[in-house]
Amino acid sequence: MPEESPRVELTPAAADLLRRLHATHGPLMFHQSGGCCDGSAPMCYPAGEFRTGGSDILLAELVVEGVVEPVPFWMSRSQFEVWSHTRLIVDVVPGRGSGFSLEAPEGVRFLIRSRVVNT
């Protein structure tokens, strides 16, 4: 039986940034909401700082070489309904995103790229 492809993956640049953020902040987590502007970008927080609930889905526990614990990737249930047919690719681009996400002071921001998957 073929292995199911991951629902969320990281680019090498995103993995590098997560290693740097982990060295400074410790365990990390992502949350992807369905909001507008930066609310539609993946937000990186210290693990447990963003409270998830019944309206959120754990999509992945991302393994990052050099980071001991997996990085959970949560998404709001309503956003998942829209993106359920896609593979999410977490990338990094120059520029400032939201002040709430840990990468903001680094002069870069996380960004989601997506690829349609066969269902």
# chains A, B, ... in the order shown; residues from 1 in each chain; ligands from 1
$ residues_around --residues "A:Glu103" --least-positions-apart "2" --cutoff "12 Å" --atoms "only C-alpha atoms" --output "PyMOL selection string"
chain A and resi 14+16-22+24-25+28+30+41-46+92-101+105-111
$ write_last_selection --atoms "N, CA and C atoms" --output "short mmCIF file (atom, residue, chain, number, x, y, z; two decimals), in the first residue's frame"
data_model
loop_
_atom_site.label_atom_id
_atom_site.label_comp_id
_atom_site.auth_asym_id
_atom_site.auth_seq_id
_atom_site.Cartn_x
_atom_site.Cartn_y
_atom_site.Cartn_z
N ALA A 14 12.14 27.11 5.57
CA ALA A 14 11.25 27.10 6.73
C ALA A 14 11.84 26.25 7.85
N ASP A 16 15.03 25.70 8.39
CA ASP A 16 16.15 26.47 8.95
C ASP A 16 15.65 27.52 9.94
N LEU A 17 14.61 28.24 9.55
CA LEU A 17 14.06 29.27 10.42
C LEU A 17 13.49 28.65 11.70
N LEU A 18 12.82 27.52 11.59
CA LEU A 18 12.29 26.86 12.78
C LEU A 18 13.41 26.45 13.73
N ARG A 19 14.54 25.99 13.20
CA ARG A 19 15.67 25.65 14.06
C ARG A 19 16.16 26.88 14.83
N ARG A 20 16.27 28.02 14.15
CA ARG A 20 16.71 29.25 14.82
C ARG A 20 15.69 29.70 15.86
N LEU A 21 14.41 29.66 15.51
CA LEU A 21 13.37 30.07 16.46
C LEU A 21 13.33 29.13 17.67
N HIS A 22 13.51 27.84 17.43
CA HIS A 22 13.52 26.87 18.52
C HIS A 22 14.68 27.14 19.48
N THR A 24 15.92 29.90 20.27
CA THR A 24 15.60 31.08 21.07
C THR A 24 14.39 30.88 21.97
N HIS A 25 13.35 30.23 21.45
CA HIS A 25 12.05 30.18 22.14
C HIS A 25 11.66 28.82 22.69
N LEU A 28 7.89 24.77 19.68
CA LEU A 28 7.08 25.66 18.84
C LEU A 28 5.80 24.98 18.39
N PHE A 30 2.47 25.78 15.17
CA PHE A 30 1.85 26.64 14.15
C PHE A 30 0.34 26.61 14.33
N ALA A 41 -2.03 33.70 7.14
CA ALA A 41 -0.67 33.16 7.10
C ALA A 41 -0.49 32.23 8.29
N PRO A 42 0.41 31.25 8.18
CA PRO A 42 0.66 30.39 9.34
C PRO A 42 1.38 31.19 10.41
N MET A 43 0.87 31.11 11.61
CA MET A 43 1.46 31.84 12.73
C MET A 43 2.24 30.87 13.60
N CYS A 44 3.46 31.23 13.94
CA CYS A 44 4.32 30.39 14.76
C CYS A 44 4.37 30.97 16.17
N TYR A 45 4.13 30.12 17.15
CA TYR A 45 4.10 30.52 18.56
C TYR A 45 4.94 29.56 19.38
N PRO A 46 5.35 29.99 20.59
CA PRO A 46 5.88 28.99 21.52
C PRO A 46 4.78 27.95 21.77
N VAL A 92 9.18 30.42 3.60
CA VAL A 92 9.59 31.68 4.20
C VAL A 92 9.88 32.66 3.07
N VAL A 93 9.41 33.90 3.23
CA VAL A 93 9.70 34.95 2.26
C VAL A 93 10.16 36.20 3.00
N PRO A 94 10.92 37.06 2.33
CA PRO A 94 11.33 38.31 2.97
C PRO A 94 10.12 39.19 3.27
N GLY A 95 10.23 39.98 4.29
CA GLY A 95 9.17 40.93 4.64
C GLY A 95 8.65 40.67 6.04
N ARG A 96 7.94 41.65 6.53
CA ARG A 96 7.39 41.52 7.88
C ARG A 96 5.94 41.08 7.80
N GLY A 97 5.64 40.07 8.57
CA GLY A 97 4.27 39.61 8.69
C GLY A 97 3.68 40.19 9.96
N SER A 98 2.84 39.42 10.60
CA SER A 98 2.18 39.85 11.82
C SER A 98 3.17 39.94 12.97
N GLY A 99 2.95 40.88 13.85
CA GLY A 99 3.77 40.99 15.05
C GLY A 99 3.53 39.88 16.04
N PHE A 100 2.49 39.05 15.84
CA PHE A 100 2.19 37.98 16.78
C PHE A 100 3.00 36.72 16.51
N SER A 101 3.48 36.53 15.30
CA SER A 101 4.21 35.34 14.94
C SER A 101 5.69 35.54 15.27
N PRO A 105 10.36 39.58 14.05
CA PRO A 105 11.58 40.38 14.20
C PRO A 105 12.73 39.95 13.28
N GLU A 106 12.61 38.82 12.62
CA GLU A 106 13.67 38.30 11.75
C GLU A 106 13.68 38.94 10.36
N GLY A 107 12.65 39.74 10.04
CA GLY A 107 12.58 40.36 8.73
C GLY A 107 12.07 39.43 7.64
N VAL A 108 11.47 38.33 8.06
CA VAL A 108 10.88 37.35 7.13
C VAL A 108 9.52 36.96 7.68
N ARG A 109 8.76 36.23 6.86
CA ARG A 109 7.47 35.73 7.34
C ARG A 109 7.20 34.37 6.74
N PHE A 110 6.49 33.57 7.51
CA PHE A 110 6.05 32.28 6.98
C PHE A 110 4.93 32.52 5.99
N LEU A 111 4.84 31.65 5.01
CA LEU A 111 3.85 31.74 3.95
C LEU A 111 3.43 30.34 3.58
#
$ select_by_dssp --residues "chain A" --states "alpha helix (DSSP H)" --output "PDB file with all heavy atoms, in the first residue's frame"
ATOM      1  N   PRO A  12      13.149  23.779   2.874  1.00  0.00           N
ATOM      2  CA  PRO A  12      14.395  23.874   3.643  1.00  0.00           C
ATOM      3  C   PRO A  12      14.540  25.215   4.370  1.00  0.00           C
ATOM      4  O   PRO A  12      15.025  25.265   5.502  1.00  0.00           O
ATOM      5  CB  PRO A  12      15.483  23.676   2.586  1.00  0.00           C
ATOM      6  CG  PRO A  12      14.809  22.825   1.540  1.00  0.00           C
ATOM      7  CD  PRO A  12      13.386  23.329   1.494  1.00  0.00           C
ATOM      8  N   ALA A  13      14.114  26.302   3.743  1.00  0.00           N
ATOM      9  CA  ALA A  13      14.206  27.622   4.386  1.00  0.00           C
ATOM     10  C   ALA A  13      13.327  27.685   5.633  1.00  0.00           C
ATOM     11  O   ALA A  13      13.722  28.260   6.652  1.00  0.00           O
ATOM     12  CB  ALA A  13      13.808  28.721   3.401  1.00  0.00           C
ATOM     13  N   ALA A  14      12.137  27.113   5.566  1.00  0.00           N
ATOM     14  CA  ALA A  14      11.245  27.105   6.729  1.00  0.00           C
ATOM     15  C   ALA A  14      11.843  26.255   7.849  1.00  0.00           C
ATOM     16  O   ALA A  14      11.790  26.637   9.027  1.00  0.00           O
ATOM     17  CB  ALA A  14       9.867  26.594   6.340  1.00  0.00           C
ATOM     18  N   ALA A  15      12.429  25.112   7.505  1.00  0.00           N
ATOM     19  CA  ALA A  15      13.054  24.262   8.520  1.00  0.00           C
ATOM     20  C   ALA A  15      14.227  24.996   9.179  1.00  0.00           C
ATOM     21  O   ALA A  15      14.386  24.937  10.407  1.00  0.00           O
ATOM     22  CB  ALA A  15      13.511  22.946   7.893  1.00  0.00           C
ATOM     23  N   ASP A  16      15.034  25.698   8.390  1.00  0.00           N
ATOM     24  CA  ASP A  16      16.154  26.472   8.952  1.00  0.00           C
ATOM     25  C   ASP A  16      15.650  27.525   9.937  1.00  0.00           C
ATOM     26  O   ASP A  16      16.202  27.693  11.022  1.00  0.00           O
ATOM     27  CB  ASP A  16      16.957  27.164   7.849  1.00  0.00           C
ATOM     28  CG  ASP A  16      17.823  26.213   7.050  1.00  0.00           C
ATOM     29  OD1 ASP A  16      18.079  25.076   7.515  1.00  0.00           O
ATOM     30  OD2 ASP A  16      18.246  26.612   5.946  1.00  0.00           O
ATOM     31  N   LEU A  17      14.609  28.239   9.551  1.00  0.00           N
ATOM     32  CA  LEU A  17      14.055  29.273  10.424  1.00  0.00           C
ATOM     33  C   LEU A  17      13.485  28.649  11.697  1.00  0.00           C
ATOM     34  O   LEU A  17      13.670  29.185  12.791  1.00  0.00           O
ATOM     35  CB  LEU A  17      12.984  30.083   9.687  1.00  0.00           C
ATOM     36  CG  LEU A  17      12.339  31.211  10.485  1.00  0.00           C
ATOM     37  CD1 LEU A  17      13.371  32.182  11.060  1.00  0.00           C
ATOM     38  CD2 LEU A  17      11.325  31.946   9.619  1.00  0.00           C
ATOM     39  N   LEU A  18      12.818  27.516  11.585  1.00  0.00           N
ATOM     40  CA  LEU A  18      12.290  26.861  12.782  1.00  0.00           C
ATOM     41  C   LEU A  18      13.415  26.447  13.728  1.00  0.00           C
ATOM     42  O   LEU A  18      13.266  26.554  14.952  1.00  0.00           O
ATOM     43  CB  LEU A  18      11.436  25.658  12.400  1.00  0.00           C
ATOM     44  CG  LEU A  18      10.068  26.005  11.834  1.00  0.00           C
ATOM     45  CD1 LEU A  18       9.370  24.751  11.319  1.00  0.00           C
ATOM     46  CD2 LEU A  18       9.200  26.707  12.877  1.00  0.00           C
ATOM     47  N   ARG A  19      14.541  25.993  13.198  1.00  0.00           N
ATOM     48  CA  ARG A  19      15.672  25.649  14.064  1.00  0.00           C
ATOM     49  C   ARG A  19      16.157  26.876  14.834  1.00  0.00           C
ATOM     50  O   ARG A  19      16.425  26.813  16.033  1.00  0.00           O
ATOM     51  CB  ARG A  19      16.817  25.045  13.240  1.00  0.00           C
ATOM     52  CG  ARG A  19      16.603  23.586  12.902  1.00  0.00           C
ATOM     53  CD  ARG A  19      17.843  22.963  12.264  1.00  0.00           C
ATOM     54  NE  ARG A  19      17.980  23.312  10.860  1.00  0.00           N
ATOM     55  CZ  ARG A  19      17.320  22.692   9.876  1.00  0.00           C
ATOM     56  NH1 ARG A  19      16.487  21.704  10.134  1.00  0.00           N
ATOM     57  NH2 ARG A  19      17.502  23.069   8.630  1.00  0.00           N
ATOM     58  N   ARG A  20      16.265  28.018  14.146  1.00  0.00           N
ATOM     59  CA  ARG A  20      16.707  29.254  14.816  1.00  0.00           C
ATOM     60  C   ARG A  20      15.694  29.701  15.862  1.00  0.00           C
ATOM     61  O   ARG A  20      16.060  30.079  16.978  1.00  0.00           O
ATOM     62  CB  ARG A  20      16.931  30.365  13.788  1.00  0.00           C
ATOM     63  CG  ARG A  20      18.128  30.112  12.885  1.00  0.00           C
ATOM     64  CD  ARG A  20      18.597  31.348  12.122  1.00  0.00           C
ATOM     65  NE  ARG A  20      17.590  32.230  11.589  1.00  0.00           N
ATOM     66  CZ  ARG A  20      17.094  32.161  10.346  1.00  0.00           C
ATOM     67  NH1 ARG A  20      17.508  31.230   9.504  1.00  0.00           N
ATOM     68  NH2 ARG A  20      16.198  33.031   9.930  1.00  0.00           N
ATOM     69  N   LEU A  21      14.408  29.656  15.511  1.00  0.00           N
ATOM     70  CA  LEU A  21      13.373  30.070  16.465  1.00  0.00           C
ATOM     71  C   LEU A  21      13.329  29.135  17.673  1.00  0.00           C
ATOM     72  O   LEU A  21      13.149  29.582  18.809  1.00  0.00           O
ATOM     73  CB  LEU A  21      12.008  30.123  15.775  1.00  0.00           C
ATOM     74  CG  LEU A  21      11.847  31.201  14.706  1.00  0.00           C
ATOM     75  CD1 LEU A  21      10.507  31.046  13.998  1.00  0.00           C
ATOM     76  CD2 LEU A  21      11.992  32.595  15.308  1.00  0.00           C
ATOM     77  N   HIS A  22      13.515  27.844  17.429  1.00  0.00           N
ATOM     78  CA  HIS A  22      13.517  26.874  18.524  1.00  0.00           C
ATOM     79  C   HIS A  22      14.680  27.142  19.478  1.00  0.00           C
ATOM     80  O   HIS A  22      14.527  27.045  20.698  1.00  0.00           O
ATOM     81  CB  HIS A  22      13.591  25.456  17.964  1.00  0.00           C
ATOM     82  CG  HIS A  22      13.525  24.408  19.015  1.00  0.00           C
ATOM     83  ND1 HIS A  22      14.657  23.925  19.631  1.00  0.00           N
ATOM     84  CD2 HIS A  22      12.476  23.761  19.573  1.00  0.00           C
ATOM     85  CE1 HIS A  22      14.310  23.019  20.521  1.00  0.00           C
ATOM     86  NE2 HIS A  22      12.988  22.903  20.507  1.00  0.00           N
ATOM     87  N   ALA A  23      15.847  27.493  18.941  1.00  0.00           N
ATOM     88  CA  ALA A  23      17.009  27.777  19.787  1.00  0.00           C
ATOM     89  C   ALA A  23      16.733  28.956  20.722  1.00  0.00           C
ATOM     90  O   ALA A  23      17.229  28.997  21.846  1.00  0.00           O
ATOM     91  CB  ALA A  23      18.239  28.055  18.916  1.00  0.00           C
ATOM     92  N   THR A  24      15.922  29.899  20.272  1.00  0.00           N
ATOM     93  CA  THR A  24      15.602  31.080  21.074  1.00  0.00           C
ATOM     94  C   THR A  24      14.390  30.876  21.970  1.00  0.00           C
ATOM     95  O   THR A  24      14.387  31.296  23.125  1.00  0.00           O
ATOM     96  CB  THR A  24      15.335  32.286  20.147  1.00  0.00           C
ATOM     97  OG1 THR A  24      16.488  32.504  19.340  1.00  0.00           O
ATOM     98  CG2 THR A  24      15.018  33.542  20.937  1.00  0.00           C
ATOM     99  N   HIS A  25      13.346  30.225  21.450  1.00  0.00           N
ATOM    100  CA  HIS A  25      12.051  30.183  22.138  1.00  0.00           C
ATOM    101  C   HIS A  25      11.663  28.818  22.689  1.00  0.00           C
ATOM    102  O   HIS A  25      10.643  28.701  23.358  1.00  0.00           O
ATOM    103  CB  HIS A  25      10.944  30.657  21.181  1.00  0.00           C
ATOM    104  CG  HIS A  25      11.165  32.038  20.668  1.00  0.00           C
ATOM    105  ND1 HIS A  25      10.909  33.164  21.413  1.00  0.00           N
ATOM    106  CD2 HIS A  25      11.649  32.482  19.470  1.00  0.00           C
ATOM    107  CE1 HIS A  25      11.205  34.242  20.712  1.00  0.00           C
ATOM    108  NE2 HIS A  25      11.657  33.852  19.523  1.00  0.00           N
ATOM    109  N   ARG A  77     -10.982  24.593  11.784  1.00  0.00           N
ATOM    110  CA  ARG A  77     -11.822  23.617  11.076  1.00  0.00           C
ATOM    111  C   ARG A  77     -12.436  24.235   9.819  1.00  0.00           C
ATOM    112  O   ARG A  77     -12.481  23.611   8.764  1.00  0.00           O
ATOM    113  CB  ARG A  77     -12.912  23.103  12.018  1.00  0.00           C
ATOM    114  CG  ARG A  77     -13.731  21.971  11.457  1.00  0.00           C
ATOM    115  CD  ARG A  77     -14.698  21.412  12.503  1.00  0.00           C
ATOM    116  NE  ARG A  77     -14.045  20.973  13.715  1.00  0.00           N
ATOM    117  CZ  ARG A  77     -13.458  19.791  13.885  1.00  0.00           C
ATOM    118  NH1 ARG A  77     -13.439  18.933  12.888  1.00  0.00           N
ATOM    119  NH2 ARG A  77     -12.894  19.480  15.023  1.00  0.00           N
ATOM    120  N   SER A  78     -12.890  25.482   9.912  1.00  0.00           N
ATOM    121  CA  SER A  78     -13.512  26.127   8.740  1.00  0.00           C
ATOM    122  C   SER A  78     -12.503  26.322   7.609  1.00  0.00           C
ATOM    123  O   SER A  78     -12.838  26.166   6.441  1.00  0.00           O
ATOM    124  CB  SER A  78     -14.145  27.458   9.134  1.00  0.00           C
ATOM    125  OG  SER A  78     -13.162  28.346   9.642  1.00  0.00           O
ATOM    126  N   GLN A  79     -11.254  26.635   7.946  1.00  0.00           N
ATOM    127  CA  GLN A  79     -10.224  26.781   6.923  1.00  0.00           C
ATOM    128  C   GLN A  79      -9.900  25.422   6.313  1.00  0.00           C
ATOM    129  O   GLN A  79      -9.687  25.306   5.109  1.00  0.00           O
ATOM    130  CB  GLN A  79      -8.965  27.416   7.524  1.00  0.00           C
ATOM    131  CG  GLN A  79      -7.903  27.738   6.516  1.00  0.00           C
ATOM    132  CD  GLN A  79      -8.244  28.929   5.637  1.00  0.00           C
ATOM    133  OE1 GLN A  79      -9.293  29.557   5.768  1.00  0.00           O
ATOM    134  NE2 GLN A  79      -7.371  29.244   4.719  1.00  0.00           N
ATOM    135  N   PHE A  80      -9.867  24.376   7.140  1.00  0.00           N
ATOM    136  CA  PHE A  80      -9.577  23.036   6.637  1.00  0.00           C
ATOM    137  C   PHE A  80     -10.624  22.605   5.609  1.00  0.00           C
ATOM    138  O   PHE A  80     -10.296  21.966   4.614  1.00  0.00           O
ATOM    139  CB  PHE A  80      -9.527  22.032   7.788  1.00  0.00           C
ATOM    140  CG  PHE A  80      -9.313  20.624   7.311  1.00  0.00           C
ATOM    141  CD1 PHE A  80      -8.074  20.233   6.828  1.00  0.00           C
ATOM    142  CD2 PHE A  80     -10.347  19.708   7.326  1.00  0.00           C
ATOM    143  CE1 PHE A  80      -7.877  18.939   6.361  1.00  0.00           C
ATOM    144  CE2 PHE A  80     -10.150  18.414   6.878  1.00  0.00           C
ATOM    145  CZ  PHE A  80      -8.913  18.028   6.391  1.00  0.00           C
ATOM    146  N   GLU A  81     -11.876  22.956   5.826  1.00  0.00           N
ATOM    147  CA  GLU A  81     -12.931  22.599   4.871  1.00  0.00           C
ATOM    148  C   GLU A  81     -12.646  23.185   3.500  1.00  0.00           C
ATOM    149  O   GLU A  81     -12.931  22.570   2.484  1.00  0.00           O
ATOM    150  CB  GLU A  81     -14.286  23.055   5.399  1.00  0.00           C
ATOM    151  CG  GLU A  81     -14.750  22.244   6.597  1.00  0.00           C
ATOM    152  CD  GLU A  81     -15.997  22.796   7.256  1.00  0.00           C
ATOM    153  OE1 GLU A  81     -16.608  23.746   6.708  1.00  0.00           O
ATOM    154  OE2 GLU A  81     -16.355  22.280   8.327  1.00  0.00           O
ATOM    155  N   VAL A  82     -12.046  24.367   3.466  1.00  0.00           N
ATOM    156  CA  VAL A  82     -11.713  25.019   2.194  1.00  0.00           C
ATOM    157  C   VAL A  82     -10.469  24.394   1.574  1.00  0.00           C
ATOM    158  O   VAL A  82     -10.390  24.226   0.359  1.00  0.00           O
ATOM    159  CB  VAL A  82     -11.499  26.534   2.410  1.00  0.00           C
ATOM    160  CG1 VAL A  82     -11.021  27.217   1.147  1.00  0.00           C
ATOM    161  CG2 VAL A  82     -12.778  27.184   2.924  1.00  0.00           C
ATOM    162  N   TRP A  83      -9.492  24.025   2.391  1.00  0.00           N
ATOM    163  CA  TRP A  83      -8.194  23.561   1.902  1.00  0.00           C
ATOM    164  C   TRP A  83      -8.018  22.053   2.016  1.00  0.00           C
ATOM    165  O   TRP A  83      -6.901  21.555   1.853  1.00  0.00           O
ATOM    166  CB  TRP A  83      -7.073  24.249   2.665  1.00  0.00           C
ATOM    167  CG  TRP A  83      -6.855  25.680   2.285  1.00  0.00           C
ATOM    168  CD1 TRP A  83      -7.646  26.444   1.500  1.00  0.00           C
ATOM    169  CD2 TRP A  83      -5.774  26.510   2.689  1.00  0.00           C
ATOM    170  NE1 TRP A  83      -7.130  27.711   1.387  1.00  0.00           N
ATOM    171  CE2 TRP A  83      -5.985  27.774   2.110  1.00  0.00           C
ATOM    172  CE3 TRP A  83      -4.664  26.318   3.480  1.00  0.00           C
ATOM    173  CZ2 TRP A  83      -5.106  28.828   2.298  1.00  0.00           C
ATOM    174  CZ3 TRP A  83      -3.798  27.372   3.667  1.00  0.00           C
ATOM    175  CH2 TRP A  83      -4.017  28.615   3.081  1.00  0.00           C
TER     176      TRP A  83
END
$ residues_around --residues "A:Pro70" --least-positions-apart "5" --cutoff "9 Å" --atoms "only C-alpha atoms" --output "NGL selection string"
:A and (27-29 or 60-64)
